[in-house]
Amino acid sequence: MLRPRVRRLFRLAIRRPRHAAAEMDDEIRFHLDMRIAQLVARGWSRDAAIAEAERMFGPLPAMRRSLHAAARRREEMLTMSDSMDALRHDVSYALRQIARAPSLAAAVVATFALGIGANATMFGIIDRLLLRPPAHIRDAESLQRLELRRKYRDEEFTSGGFSYPAYLDFRDRVPAFESVAMHTYSNAWSLGLGAGARRIRGTMVSGTYFGTLGVKAVAGRTILPDDDLPPNGSPVVMIGYGLWQREFGGEASAIGKTLSVSSRTFTVIGVAPPGFIGTGSQPIDVWIPVTAAEGLRFAGKNWAIDRESTWLSVVARIKPGVSSETAIAQMTAAFRAGELAGGGRRPDTTARAQLASVLPARQREISPERRVAALLGGVSVLVLLMACANVANLLLARAFSRRREIAVRLALGISRLRLIRQLVTESIVLATAGGLAALLLVRWGSAFVQSVLLSDFAWPDTPIDGRVLAFTAAATVAVGLITGLVPAYQGSDPHLSRTLREGTRGAGLSRSRTRTALLLLQAATSVVLLVGTGLFVRSLRNVRKVDLGVDIDRLLTATIDLRSVGIDSAAADDYFERVRETASKLPGVAAVTYADAPPFGDWSLGTKLSVPGRDSLPKNPGSPSWTFVRPNYFSTVGTRIVAGRSFTDADMAAGAPSVVIINDAIAKWIWPGQNAVGRCVRVGADSEPCSDVIGVAATTHRGGIVEDAAPLQVYMPMRLAHSSARARLVIVRPRGVEAEALAGPVRRVMQTVVAGVPYANVRPMHDALASELRPWQLGATMFAAFGCIALMLSSLGLYSVVAYTVAQRMHEMGIRVALGAQVADIRRLVLSQGLRIAALGVAGGTIIALLSGRFVAALLYQTSARDPVVYGIVIVLLLGVAMVASLIPALRATRADPLAALRAE
Amino acid sequence: MALVRGTLDVLVLRALNWGAMHGFEITTWLEDRSSGKLGVEDGALYHALVRLEERGSIEAEWGETENGRRARYYKLTAAGRAYLKAETERWLEYSSAVTGILTSPRSA
């Protein structure tokens, strides 16, 4: 029966899943009471009525339980569908609002895309360089690298290299280790011979290597301990995934085929997983058991028992349950015992073992590139904050221009929370669009950084992986929330109804304070970023300008491992002469020479110098190094002879008097202020003849761009008859072309002038520099990119705020003009407002930059972190940009029509 | 008589066709209309109400009865009304088809 005139509560039943059961009980109770009353009214006794009511309802305890469950589920389902409805409504409302202001939306999406894209790119790079453990290694956290702490002449230093016998000691005499393995540093080897030889990188490992690291082959099998049995092991090779694809097309038939590595034959037994490169950072193509790597090993014939040559790295896993202190104690004991038993000349019995992590972020010394990358990560966060500030400003302005609509909705009863949620949804939708566009930016940006700026690392094929995507998504949501909340909160102020009465003039003081604060933040950040750019660019220029004494940028160098194909000294002389003759005739070649050490790069061994007649020489900062050169050496590499002459063919003849050329640093050291030419110096042991100094060459850098002291260099004529067995370096001086252009032709000459030679490693000399330059290049390029973004964002931000304020104050401008203000006055008014904010922000940013200069000082080169020129340029640039950004709205303000402004509302 | 499966839902919607009712009102309305012939376990009715609310055919509010007691009132939504109309037509077609066959002479 219907009951008219039922009073109801106004609001719909609020969804409360927790209370669903209790409310269902209320309903059931109510029903039973009504039924009981009905039955009693029909004449039933109370007790009978109760029993009958319960019977009619159904078996009560079971029915109650099932109804509780049903009610709870109902509440949960309806809550979810309510939320989905609300979300759908919010999103469609947001899209409609965005469509009403398309240029604003475009600006916001572009800003977001830049900020999020920059961050995601840096995250991808930092993730690979620092955060991720080495690929495919099982439980990389617990894999330990073994190190030794030794004393050498009162100085303690840590060394990570061990001899093979030491590795055996660790393997066999440290019960605390569950597994131990060794590997060498990666080497450049030749794959194939003759004209088709190509260069690969490989490393020698113990049979336990893959087992210790926990790596499984993706085809075939890994190297096992049985492949590494002394004395000669098994001639097997494990190839990398990239090599498998390149050389064998990824076919399973590759297993069992043979490869010629540096002219030795190995059988392919397996393929490593894609991206596996051990614990290093460079790509690796092949792994060979160390016992089978005859001729490729660094140590000599007695490599298996020689404790002096430390050419291996050792990694190990500790048994579970054993403490690292126990392991270290056992390691130390085993090492010292081995030293004593080894019978070497100077057994090191004071060495202490220690363990280090293989994770990149936990290395003792983080390489400069990694530090710069981390710095840039922080910088990109700054840029993102700037982007957020910009967008927040834009959204604030937009919320203000919608204040009427919002005030009406508030008056109609929408709750503030709901309104804020709607406004935040708008910014999240915009952020999502920006995040999608950011992914495009990440693809290009990552590709650029990986192939141009950091090309020496092993990067994966796709720059966008799961982690980068997750980061982008998280950044998008965070950014959308942050930029949306402040404008939403302010825009939904319930006291907005006041603005309806005040008309266009009400401009909330608090709102403009927030906008100004955001602008100040942006200006300050721009200063910091642009100063960073300037400092790095200067460092890079200083680095490039260092006079190395050698024409590094022009020269081409080539090395070739003739020993591996059995070509000994005499035949080698012949080979190099042929190469020199043939290559000199190539078009574009000015000169070709060869030496037994490069002019740049620290290959040389030290020697001793003495002058007959002088008891001792003043203390020298380093030991002199020596190199054998041909007569045209100095003219080819571009080192000046500052006194005397260069070698001639006469000096090269067998039996010619012993002559030598010293560099300027030695001349100043031994004969300061005097002419060294004509004097004589003894190079090496006292039994050597005293050599005449026939010339003094300019000092060249030896180890790198950044050097502590001038290196001492002695040059001697390379007499073919008595040339040493050291490897020779071919140097080519181009004429009129780039060094790279000659690489192919020179390589062809070297690989074909005599039959059956391995791969010739030809590369421009400045490649040796490249790894040193990399940190500064990375810093300069990325800072410049971020600095430009920051500048764009700041100027856009300043422009939009000033333009907006002008639009707001048109009414006031109109009055001023009506009262007699001149055009110039109006312009000055607007300009001064913009410049005031900019000046304040620039001042704050300058202070912050000065204070934080400390953090980047270590990464710069010959540039002070407080370089006044850089600061000066940045300040002038920013103020200039601020002036332009304020000028445009200022001009618009001067065209304010007083009548129109006064009439408008 | 026991209800044919699935018809309870459409009967509840019909009960609510003219206005909001609480659970007991719906029960007595159905009992009156069917002259007591259709027996519905009260608990089954409440299960039907939960089902219908979950499906969105009805929506619920807590309200006060004439006597000041707190009761949960149900009313039809627009979707519920459409569902009721469609199901009613289907039922009438179905039942007339079945009735036609059951009451037809041996040959027709």
# chains A, B, ... in the order shown; residues from 1 in each chain; ligands from 1
>>> interface_residues(of="chain B", to="chain A", cutoff="9 Å", atoms="only C-alpha atoms", output="PyMOL selection string")
chain B and resi 18-26+28-29+32+40-44+46-47+50-51+53-56+59-66+69-73
>>> residues_around(residues="stretch 549-559 of chain A", least_positions_apart="3", cutoff="6 Å", atoms="only C-alpha atoms", output="number ranges by chain")
A: 637-639, 700, 729-733, 739, 760-766
>>> write_last_selection(atoms="N, CA, C and O atoms", output="PDB file, in the first residue's frame")
ATOM      1  N   VAL A 637     104.134  14.737 -36.897  1.00  0.00           N
ATOM      2  CA  VAL A 637     103.186  14.932 -35.792  1.00  0.00           C
ATOM      3  C   VAL A 637     103.027  16.396 -35.430  1.00  0.00           C
ATOM      4  O   VAL A 637     102.149  16.749 -34.671  1.00  0.00           O
ATOM      5  N   GLY A 638     103.873  17.253 -35.933  1.00  0.00           N
ATOM      6  CA  GLY A 638     103.672  18.666 -35.672  1.00  0.00           C
ATOM      7  C   GLY A 638     104.329  19.167 -34.399  1.00  0.00           C
ATOM      8  O   GLY A 638     103.932  20.196 -33.868  1.00  0.00           O
ATOM      9  N   THR A 639     105.359  18.469 -33.910  1.00  0.00           N
ATOM     10  CA  THR A 639     106.072  18.963 -32.728  1.00  0.00           C
ATOM     11  C   THR A 639     107.248  19.814 -33.200  1.00  0.00           C
ATOM     12  O   THR A 639     108.054  19.394 -34.026  1.00  0.00           O
ATOM     13  N   THR A 700     105.550  17.975 -25.085  1.00  0.00           N
ATOM     14  CA  THR A 700     104.192  17.552 -25.433  1.00  0.00           C
ATOM     15  C   THR A 700     103.530  16.934 -24.216  1.00  0.00           C
ATOM     16  O   THR A 700     104.201  16.447 -23.309  1.00  0.00           O
ATOM     17  N   LEU A 729     103.658   2.035 -33.959  1.00  0.00           N
ATOM     18  CA  LEU A 729     102.476   2.847 -34.211  1.00  0.00           C
ATOM     19  C   LEU A 729     102.692   3.613 -35.495  1.00  0.00           C
ATOM     20  O   LEU A 729     103.695   4.316 -35.629  1.00  0.00           O
ATOM     21  N   VAL A 730     101.766   3.475 -36.432  1.00  0.00           N
ATOM     22  CA  VAL A 730     101.849   4.226 -37.680  1.00  0.00           C
ATOM     23  C   VAL A 730     101.099   5.536 -37.502  1.00  0.00           C
ATOM     24  O   VAL A 730     100.000   5.561 -36.962  1.00  0.00           O
ATOM     25  N   ILE A 731     101.735   6.625 -37.958  1.00  0.00           N
ATOM     26  CA  ILE A 731     101.078   7.942 -37.829  1.00  0.00           C
ATOM     27  C   ILE A 731     100.985   8.563 -39.218  1.00  0.00           C
ATOM     28  O   ILE A 731     101.973   8.619 -39.941  1.00  0.00           O
ATOM     29  N   VAL A 732      99.812   9.038 -39.562  1.00  0.00           N
ATOM     30  CA  VAL A 732      99.579   9.605 -40.891  1.00  0.00           C
ATOM     31  C   VAL A 732      99.153  11.050 -40.740  1.00  0.00           C
ATOM     32  O   VAL A 732      98.278  11.365 -39.932  1.00  0.00           O
ATOM     33  N   ARG A 733      99.770  11.934 -41.522  1.00  0.00           N
ATOM     34  CA  ARG A 733      99.367  13.329 -41.500  1.00  0.00           C
ATOM     35  C   ARG A 733      98.614  13.626 -42.791  1.00  0.00           C
ATOM     36  O   ARG A 733      99.179  13.531 -43.871  1.00  0.00           O
ATOM     37  N   ALA A 739      91.000  13.462 -40.929  1.00  0.00           N
ATOM     38  CA  ALA A 739      91.661  12.196 -40.631  1.00  0.00           C
ATOM     39  C   ALA A 739      90.735  11.023 -40.896  1.00  0.00           C
ATOM     40  O   ALA A 739      91.137   9.994 -41.433  1.00  0.00           O
ATOM     41  N   ALA A 760      93.875  -4.125 -38.731  1.00  0.00           N
ATOM     42  CA  ALA A 760      94.634  -2.942 -38.354  1.00  0.00           C
ATOM     43  C   ALA A 760      93.681  -1.960 -37.697  1.00  0.00           C
ATOM     44  O   ALA A 760      92.644  -1.596 -38.253  1.00  0.00           O
ATOM     45  N   ASN A 761      94.035  -1.534 -36.525  1.00  0.00           N
ATOM     46  CA  ASN A 761      93.191  -0.627 -35.763  1.00  0.00           C
ATOM     47  C   ASN A 761      93.547   0.802 -36.139  1.00  0.00           C
ATOM     48  O   ASN A 761      94.537   1.351 -35.674  1.00  0.00           O
ATOM     49  N   VAL A 762      92.754   1.392 -37.021  1.00  0.00           N
ATOM     50  CA  VAL A 762      93.057   2.735 -37.515  1.00  0.00           C
ATOM     51  C   VAL A 762      92.049   3.696 -36.927  1.00  0.00           C
ATOM     52  O   VAL A 762      90.846   3.495 -37.052  1.00  0.00           O
ATOM     53  N   ARG A 763      92.527   4.733 -36.282  1.00  0.00           N
ATOM     54  CA  ARG A 763      91.565   5.711 -35.805  1.00  0.00           C
ATOM     55  C   ARG A 763      92.213   7.083 -35.662  1.00  0.00           C
ATOM     56  O   ARG A 763      93.425   7.184 -35.490  1.00  0.00           O
ATOM     57  N   PRO A 764      91.412   8.117 -35.739  1.00  0.00           N
ATOM     58  CA  PRO A 764      91.961   9.461 -35.580  1.00  0.00           C
ATOM     59  C   PRO A 764      92.566   9.614 -34.195  1.00  0.00           C
ATOM     60  O   PRO A 764      92.068   9.046 -33.226  1.00  0.00           O
ATOM     61  N   MET A 765      93.612  10.401 -34.100  1.00  0.00           N
ATOM     62  CA  MET A 765      94.302  10.517 -32.820  1.00  0.00           C
ATOM     63  C   MET A 765      93.426  11.192 -31.781  1.00  0.00           C
ATOM     64  O   MET A 765      93.580  10.932 -30.591  1.00  0.00           O
ATOM     65  N   HIS A 766      92.527  12.044 -32.239  1.00  0.00           N
ATOM     66  CA  HIS A 766      91.755  12.728 -31.208  1.00  0.00           C
ATOM     67  C   HIS A 766      90.723  11.830 -30.532  1.00  0.00           C
ATOM     68  O   HIS A 766      90.124  12.233 -29.552  1.00  0.00           O
TER      69      HIS A 766
END
>>> select_by_dssp(residues="chain B", states="strand (DSSP E)", output="PyMOL selection string")
chain B and resi 21-22+58-64+70-76
>>> atom_distance(atom1="atom CA of A:Val372", atom2="atom CA of A:Pro775")
6.3 Å
>>> residues_around(residues="stretch 845-858 of chain A", least_positions_apart="3", cutoff="8 Å", atoms="only C-alpha atoms", output="list of chain:residue names")
A:Ala523, A:Ala524, A:Thr525, A:Ser526, A:Val527, A:Val528, A:Val531, A:Gly841, A:Val842, A:Ser864, A:Ala865, A:Arg866, A:Tyr871
>>> write_last_selection(atoms="all heavy atoms", output="compact mmCIF listing (two decimals), in the first residue's frame")
# COMPACT_ATOMS: atom_id res chain seq x y z
N ALA A 523 62.86 32.92 -12.60
CA ALA A 523 64.01 33.75 -12.96
C ALA A 523 65.26 33.24 -12.27
O ALA A 523 66.33 33.12 -12.87
CB ALA A 523 63.73 35.20 -12.58
N ALA A 524 65.12 32.90 -10.99
CA ALA A 524 66.29 32.42 -10.25
C ALA A 524 66.81 31.12 -10.88
O ALA A 524 68.02 30.95 -11.06
CB ALA A 524 65.92 32.19 -8.78
N THR A 525 65.91 30.21 -11.20
CA THR A 525 66.34 28.94 -11.80
C THR A 525 67.03 29.18 -13.14
O THR A 525 68.03 28.53 -13.46
CB THR A 525 65.15 28.02 -12.02
OG1 THR A 525 64.33 28.05 -10.86
CG2 THR A 525 65.60 26.62 -12.28
N SER A 526 66.49 30.12 -13.92
CA SER A 526 67.13 30.41 -15.21
C SER A 526 68.56 30.87 -15.00
O SER A 526 69.47 30.44 -15.73
CB SER A 526 66.38 31.50 -15.94
OG SER A 526 65.10 31.09 -16.24
N VAL A 527 68.76 31.72 -14.02
CA VAL A 527 70.11 32.22 -13.77
C VAL A 527 71.04 31.04 -13.48
O VAL A 527 72.11 30.90 -14.06
CB VAL A 527 70.13 33.21 -12.60
CG1 VAL A 527 71.56 33.51 -12.18
CG2 VAL A 527 69.43 34.48 -12.98
N VAL A 528 70.60 30.17 -12.57
CA VAL A 528 71.45 29.05 -12.17
C VAL A 528 71.79 28.18 -13.38
O VAL A 528 72.94 27.81 -13.60
CB VAL A 528 70.76 28.22 -11.08
CG1 VAL A 528 71.52 26.95 -10.80
CG2 VAL A 528 70.63 29.03 -9.81
N VAL A 531 74.10 30.03 -15.90
CA VAL A 531 75.46 30.12 -15.37
C VAL A 531 76.16 28.77 -15.52
O VAL A 531 77.32 28.70 -15.94
CB VAL A 531 75.43 30.57 -13.89
CG1 VAL A 531 76.76 30.27 -13.23
CG2 VAL A 531 75.13 32.04 -13.79
N GLY A 841 64.33 38.49 -9.25
CA GLY A 841 64.57 37.06 -9.48
C GLY A 841 66.02 36.81 -9.89
O GLY A 841 66.66 35.87 -9.42
N VAL A 842 66.55 37.68 -10.75
CA VAL A 842 67.93 37.48 -11.21
C VAL A 842 68.89 37.65 -10.03
O VAL A 842 69.86 36.89 -9.88
CB VAL A 842 68.25 38.48 -12.34
CG1 VAL A 842 69.73 38.55 -12.57
CG2 VAL A 842 67.53 38.08 -13.60
N SER A 864 86.82 29.32 -12.98
CA SER A 864 86.35 29.47 -11.62
C SER A 864 84.84 29.32 -11.60
O SER A 864 84.15 29.74 -12.53
CB SER A 864 86.75 30.85 -11.10
OG SER A 864 85.86 31.24 -10.08
N ALA A 865 84.30 28.74 -10.55
CA ALA A 865 82.85 28.60 -10.45
C ALA A 865 82.21 29.97 -10.27
O ALA A 865 81.00 30.10 -10.30
CB ALA A 865 82.49 27.69 -9.30
N ARG A 866 82.99 31.01 -10.07
CA ARG A 866 82.43 32.35 -9.90
C ARG A 866 82.93 33.27 -11.00
O ARG A 866 83.09 34.46 -10.79
CB ARG A 866 82.87 32.92 -8.56
CG ARG A 866 82.40 32.01 -7.49
CD ARG A 866 82.55 32.60 -6.15
NE ARG A 866 82.02 31.64 -5.17
CZ ARG A 866 82.02 31.84 -3.90
NH1 ARG A 866 82.50 32.96 -3.43
NH2 ARG A 866 81.54 30.94 -3.09
N TYR A 871 78.87 35.24 -15.36
CA TYR A 871 77.76 35.82 -14.61
C TYR A 871 77.26 37.08 -15.28
O TYR A 871 76.06 37.33 -15.40
CB TYR A 871 78.21 36.15 -13.17
CG TYR A 871 78.12 34.97 -12.25
CD1 TYR A 871 79.16 34.07 -12.13
CD2 TYR A 871 76.98 34.76 -11.49
CE1 TYR A 871 79.07 32.98 -11.29
CE2 TYR A 871 76.87 33.67 -10.64
CZ TYR A 871 77.92 32.79 -10.54
OH TYR A 871 77.84 31.71 -9.72
>>> residues_around(residues="A:His136", least_positions_apart="5", cutoff="12 Å", atoms="only C-alpha atoms", output="PyMOL selection string")
chain A and resi 210+212-218+272-279
>>> write_last_selection(atoms="N, CA and C atoms", output="compact mmCIF listing (two decimals), in the first residue's frame")
# COMPACT_ATOMS: atom_id res chain seq x y z
N PHE A 210 80.92 -17.85 -15.76
CA PHE A 210 79.48 -17.75 -16.01
C PHE A 210 78.69 -18.37 -14.86
N THR A 212 79.59 -18.37 -11.66
CA THR A 212 79.61 -17.44 -10.54
C THR A 212 78.64 -16.28 -10.78
N LEU A 213 78.64 -15.77 -11.99
CA LEU A 213 77.76 -14.64 -12.25
C LEU A 213 76.31 -15.07 -12.39
N GLY A 214 76.08 -16.38 -12.61
CA GLY A 214 74.71 -16.84 -12.72
C GLY A 214 74.09 -16.51 -14.06
N VAL A 215 74.88 -16.58 -15.13
CA VAL A 215 74.39 -16.22 -16.46
C VAL A 215 74.15 -17.49 -17.26
N LYS A 216 73.00 -17.54 -17.95
CA LYS A 216 72.70 -18.71 -18.79
C LYS A 216 72.80 -18.32 -20.25
N ALA A 217 73.20 -19.27 -21.08
CA ALA A 217 73.30 -19.00 -22.50
C ALA A 217 71.92 -18.99 -23.13
N VAL A 218 71.74 -18.14 -24.15
CA VAL A 218 70.44 -18.17 -24.84
C VAL A 218 70.45 -19.18 -25.97
N ALA A 272 75.69 -15.48 -25.43
CA ALA A 272 75.32 -14.82 -24.18
C ALA A 272 74.01 -14.04 -24.36
N PRO A 273 73.30 -13.79 -23.27
CA PRO A 273 72.04 -13.06 -23.37
C PRO A 273 72.27 -11.63 -23.89
N PRO A 274 71.26 -11.04 -24.53
CA PRO A 274 71.45 -9.71 -25.09
C PRO A 274 71.70 -8.69 -23.99
N GLY A 275 72.70 -7.86 -24.18
CA GLY A 275 72.99 -6.84 -23.19
C GLY A 275 73.95 -7.27 -22.11
N PHE A 276 74.37 -8.54 -22.08
CA PHE A 276 75.29 -8.98 -21.04
C PHE A 276 76.69 -8.50 -21.39
N ILE A 277 77.33 -7.77 -20.47
CA ILE A 277 78.69 -7.32 -20.72
C ILE A 277 79.53 -7.50 -19.47
N GLY A 278 79.19 -8.46 -18.65
CA GLY A 278 79.96 -8.65 -17.43
C GLY A 278 79.72 -7.50 -16.47
N THR A 279 80.76 -7.07 -15.79
CA THR A 279 80.58 -6.03 -14.78
C THR A 279 81.10 -4.68 -15.26
>>> select_by_dssp(residues="chain B", states="alpha helix (DSSP H)", output="PyMOL selection string")
chain B and resi 7-15+23-33+42-55+78-102
>>> atom_distance(atom1="atom CA of A:Ala166", atom2="atom CA of A:Ile200")
28.8 Å
>>> closest_residue(among="A:Thr648, A:Gln862, A:Asp154, A:Leu521", to="A:Val537", atoms="only C-alpha atoms")
A:Gln862
>>> residues_around(residues="stretch 679-684 of chain A", least_positions_apart="6", cutoff="12 Å", atoms="only C-alpha atoms", output="MDAnalysis selection string")
chainID A and resid 605:614 617 623:627 644 657:662 666:667 670:671 690:696 713:716
>>> write_last_selection(atoms="N, CA and C atoms", output="JSON list (two decimals), in the first residue's frame")
[["chain", "number", "residue", "atom", "x", "y", "z"],
["A", 605, "LEU", "N", 107.64, 3.44, -21.15],
["A", 605, "LEU", "CA", 108.29, 2.95, -19.94],
["A", 605, "LEU", "C", 109.31, 4.00, -19.51],
["A", 606, "GLY", "N", 109.60, 3.99, -18.25],
["A", 606, "GLY", "CA", 110.52, 5.01, -17.75],
["A", 606, "GLY", "C", 111.98, 4.60, -17.93],
["A", 607, "THR", "N", 112.85, 5.55, -17.81],
["A", 607, "THR", "CA", 114.26, 5.24, -17.85],
["A", 607, "THR", "C", 115.01, 6.19, -16.94],
["A", 608, "LYS", "N", 116.30, 6.07, -16.94],
["A", 608, "LYS", "CA", 117.09, 6.90, -16.05],
["A", 608, "LYS", "C", 118.00, 7.75, -16.91],
["A", 609, "LEU", "N", 118.21, 8.99, -16.51],
["A", 609, "LEU", "CA", 119.14, 9.86, -17.23],
["A", 609, "LEU", "C", 120.27, 10.25, -16.31],
["A", 610, "SER", "N", 121.47, 10.31, -16.87],
["A", 610, "SER", "CA", 122.58, 10.83, -16.05],
["A", 610, "SER", "C", 123.52, 11.60, -16.96],
["A", 611, "VAL", "N", 124.22, 12.55, -16.40],
["A", 611, "VAL", "CA", 125.16, 13.37, -17.15],
["A", 611, "VAL", "C", 126.56, 13.09, -16.61],
["A", 612, "PRO", "N", 127.49, 12.67, -17.48],
["A", 612, "PRO", "CA", 128.84, 12.42, -16.97],
["A", 612, "PRO", "C", 129.43, 13.71, -16.43],
["A", 613, "GLY", "N", 130.04, 13.58, -15.32],
["A", 613, "GLY", "CA", 130.64, 14.76, -14.74],
["A", 613, "GLY", "C", 129.77, 15.41, -13.70],
["A", 614, "ARG", "N", 128.51, 15.05, -13.64],
["A", 614, "ARG", "CA", 127.66, 15.58, -12.59],
["A", 614, "ARG", "C", 127.22, 14.42, -11.72],
["A", 617, "LEU", "N", 121.46, 14.76, -10.50],
["A", 617, "LEU", "CA", 120.62, 15.79, -11.11],
["A", 617, "LEU", "C", 119.59, 16.25, -10.09],
["A", 623, "SER", "N", 109.56, 10.21, -14.12],
["A", 623, "SER", "CA", 110.71, 9.58, -14.74],
["A", 623, "SER", "C", 110.63, 9.83, -16.25],
["A", 624, "PRO", "N", 111.75, 10.05, -16.88],
["A", 624, "PRO", "CA", 111.74, 10.36, -18.31],
["A", 624, "PRO", "C", 111.32, 9.12, -19.10],
["A", 625, "SER", "N", 110.57, 9.30, -20.13],
["A", 625, "SER", "CA", 110.23, 8.17, -20.98],
["A", 625, "SER", "C", 110.94, 8.33, -22.32],
["A", 626, "TRP", "N", 111.08, 7.22, -23.03],
["A", 626, "TRP", "CA", 111.88, 7.23, -24.25],
["A", 626, "TRP", "C", 111.11, 6.59, -25.38],
["A", 627, "THR", "N", 111.35, 7.03, -26.58],
["A", 627, "THR", "CA", 110.68, 6.45, -27.72],
["A", 627, "THR", "C", 111.59, 6.53, -28.93],
["A", 644, "GLY", "N", 118.49, 23.29, -32.32],
["A", 644, "GLY", "CA", 119.18, 22.20, -32.99],
["A", 644, "GLY", "C", 118.40, 21.69, -34.18],
["A", 657, "PRO", "N", 127.10, 7.57, -34.83],
["A", 657, "PRO", "CA", 127.28, 7.93, -33.42],
["A", 657, "PRO", "C", 125.94, 8.00, -32.70],
["A", 658, "SER", "N", 126.02, 7.78, -31.38],
["A", 658, "SER", "CA", 124.80, 7.73, -30.58],
["A", 658, "SER", "C", 124.28, 9.15, -30.37],
["A", 659, "VAL", "N", 123.11, 9.43, -30.91],
["A", 659, "VAL", "CA", 122.55, 10.78, -30.75],
["A", 659, "VAL", "C", 121.16, 10.67, -30.15],
["A", 660, "VAL", "N", 120.73, 11.82, -29.63],
["A", 660, "VAL", "CA", 119.43, 11.80, -28.97],
["A", 660, "VAL", "C", 118.82, 13.20, -29.08],
["A", 661, "ILE", "N", 117.48, 13.28, -29.12],
["A", 661, "ILE", "CA", 116.78, 14.57, -29.03],
["A", 661, "ILE", "C", 116.03, 14.57, -27.73],
["A", 662, "ILE", "N", 116.17, 15.64, -26.96],
["A", 662, "ILE", "CA", 115.44, 15.71, -25.69],
["A", 662, "ILE", "C", 114.35, 16.76, -25.83],
["A", 666, "ILE", "N", 113.21, 18.48, -20.33],
["A", 666, "ILE", "CA", 114.47, 17.89, -19.86],
["A", 666, "ILE", "C", 115.59, 18.93, -19.94],
["A", 667, "ALA", "N", 115.59, 19.69, -21.06],
["A", 667, "ALA", "CA", 116.63, 20.71, -21.23],
["A", 667, "ALA", "C", 116.59, 21.70, -20.07],
["A", 670, "ILE", "N", 117.86, 19.78, -16.78],
["A", 670, "ILE", "CA", 119.26, 19.43, -16.59],
["A", 670, "ILE", "C", 120.18, 20.64, -16.81],
["A", 671, "TRP", "N", 119.88, 21.46, -17.86],
["A", 671, "TRP", "CA", 120.72, 22.60, -18.15],
["A", 671, "TRP", "C", 119.88, 23.87, -18.16],
["A", 690, "CYS", "N", 127.46, 7.78, -23.83],
["A", 690, "CYS", "CA", 126.83, 9.07, -23.66],
["A", 690, "CYS", "C", 126.39, 9.57, -25.03],
["A", 691, "SER", "N", 125.12, 9.92, -25.14],
["A", 691, "SER", "CA", 124.58, 10.34, -26.44],
["A", 691, "SER", "C", 124.63, 11.84, -26.57],
["A", 692, "ASP", "N", 124.94, 12.29, -27.80],
["A", 692, "ASP", "CA", 124.97, 13.73, -28.03],
["A", 692, "ASP", "C", 123.56, 14.25, -28.23],
["A", 693, "VAL", "N", 123.33, 15.40, -27.63],
["A", 693, "VAL", "CA", 122.03, 16.05, -27.83],
["A", 693, "VAL", "C", 122.13, 16.87, -29.10],
["A", 694, "ILE", "N", 121.39, 16.47, -30.14],
["A", 694, "ILE", "CA", 121.48, 17.24, -31.38],
["A", 694, "ILE", "C", 120.29, 18.16, -31.57],
["A", 695, "GLY", "N", 119.28, 18.05, -30.72],
["A", 695, "GLY", "CA", 118.13, 18.94, -30.89],
["A", 695, "GLY", "C", 117.26, 18.92, -29.64],
["A", 696, "VAL", "N", 116.47, 19.95, -29.50],
["A", 696, "VAL", "CA", 115.51, 20.04, -28.39],
["A", 696, "VAL", "C", 114.12, 20.22, -29.00],
["A", 713, "GLN", "N", 110.70, 13.70, -21.96],
["A", 713, "GLN", "CA", 110.65, 12.81, -23.11],
["A", 713, "GLN", "C", 111.99, 12.81, -23.83],
["A", 714, "VAL", "N", 112.49, 11.61, -24.13],
["A", 714, "VAL", "CA", 113.73, 11.45, -24.87],
["A", 714, "VAL", "C", 113.39, 10.74, -26.18],
["A", 715, "TYR", "N", 113.91, 11.28, -27.30],
["A", 715, "TYR", "CA", 113.67, 10.65, -28.61],
["A", 715, "TYR", "C", 114.98, 10.09, -29.14],
["A", 716, "MET", "N", 114.89, 8.85, -29.67],
["A", 716, "MET", "CA", 116.10, 8.25, -30.21],
["A", 716, "MET", "C", 115.82, 7.74, -31.62]]
>>> residues_around(residues="B:Val12", least_positions_apart="3", cutoff="10 Å", atoms="only C-alpha atoms", output="list of chain:residue names")
B:Thr7, B:Leu8, B:Asp9, B:Ala15, B:Leu16, B:Asn17, B:Gly23, B:Ile26, B:Thr27, B:Trp29, B:Leu30, B:Leu45, B:Ala48, B:Leu49, B:Leu52, B:Ile58, B:Leu76, B:Leu84
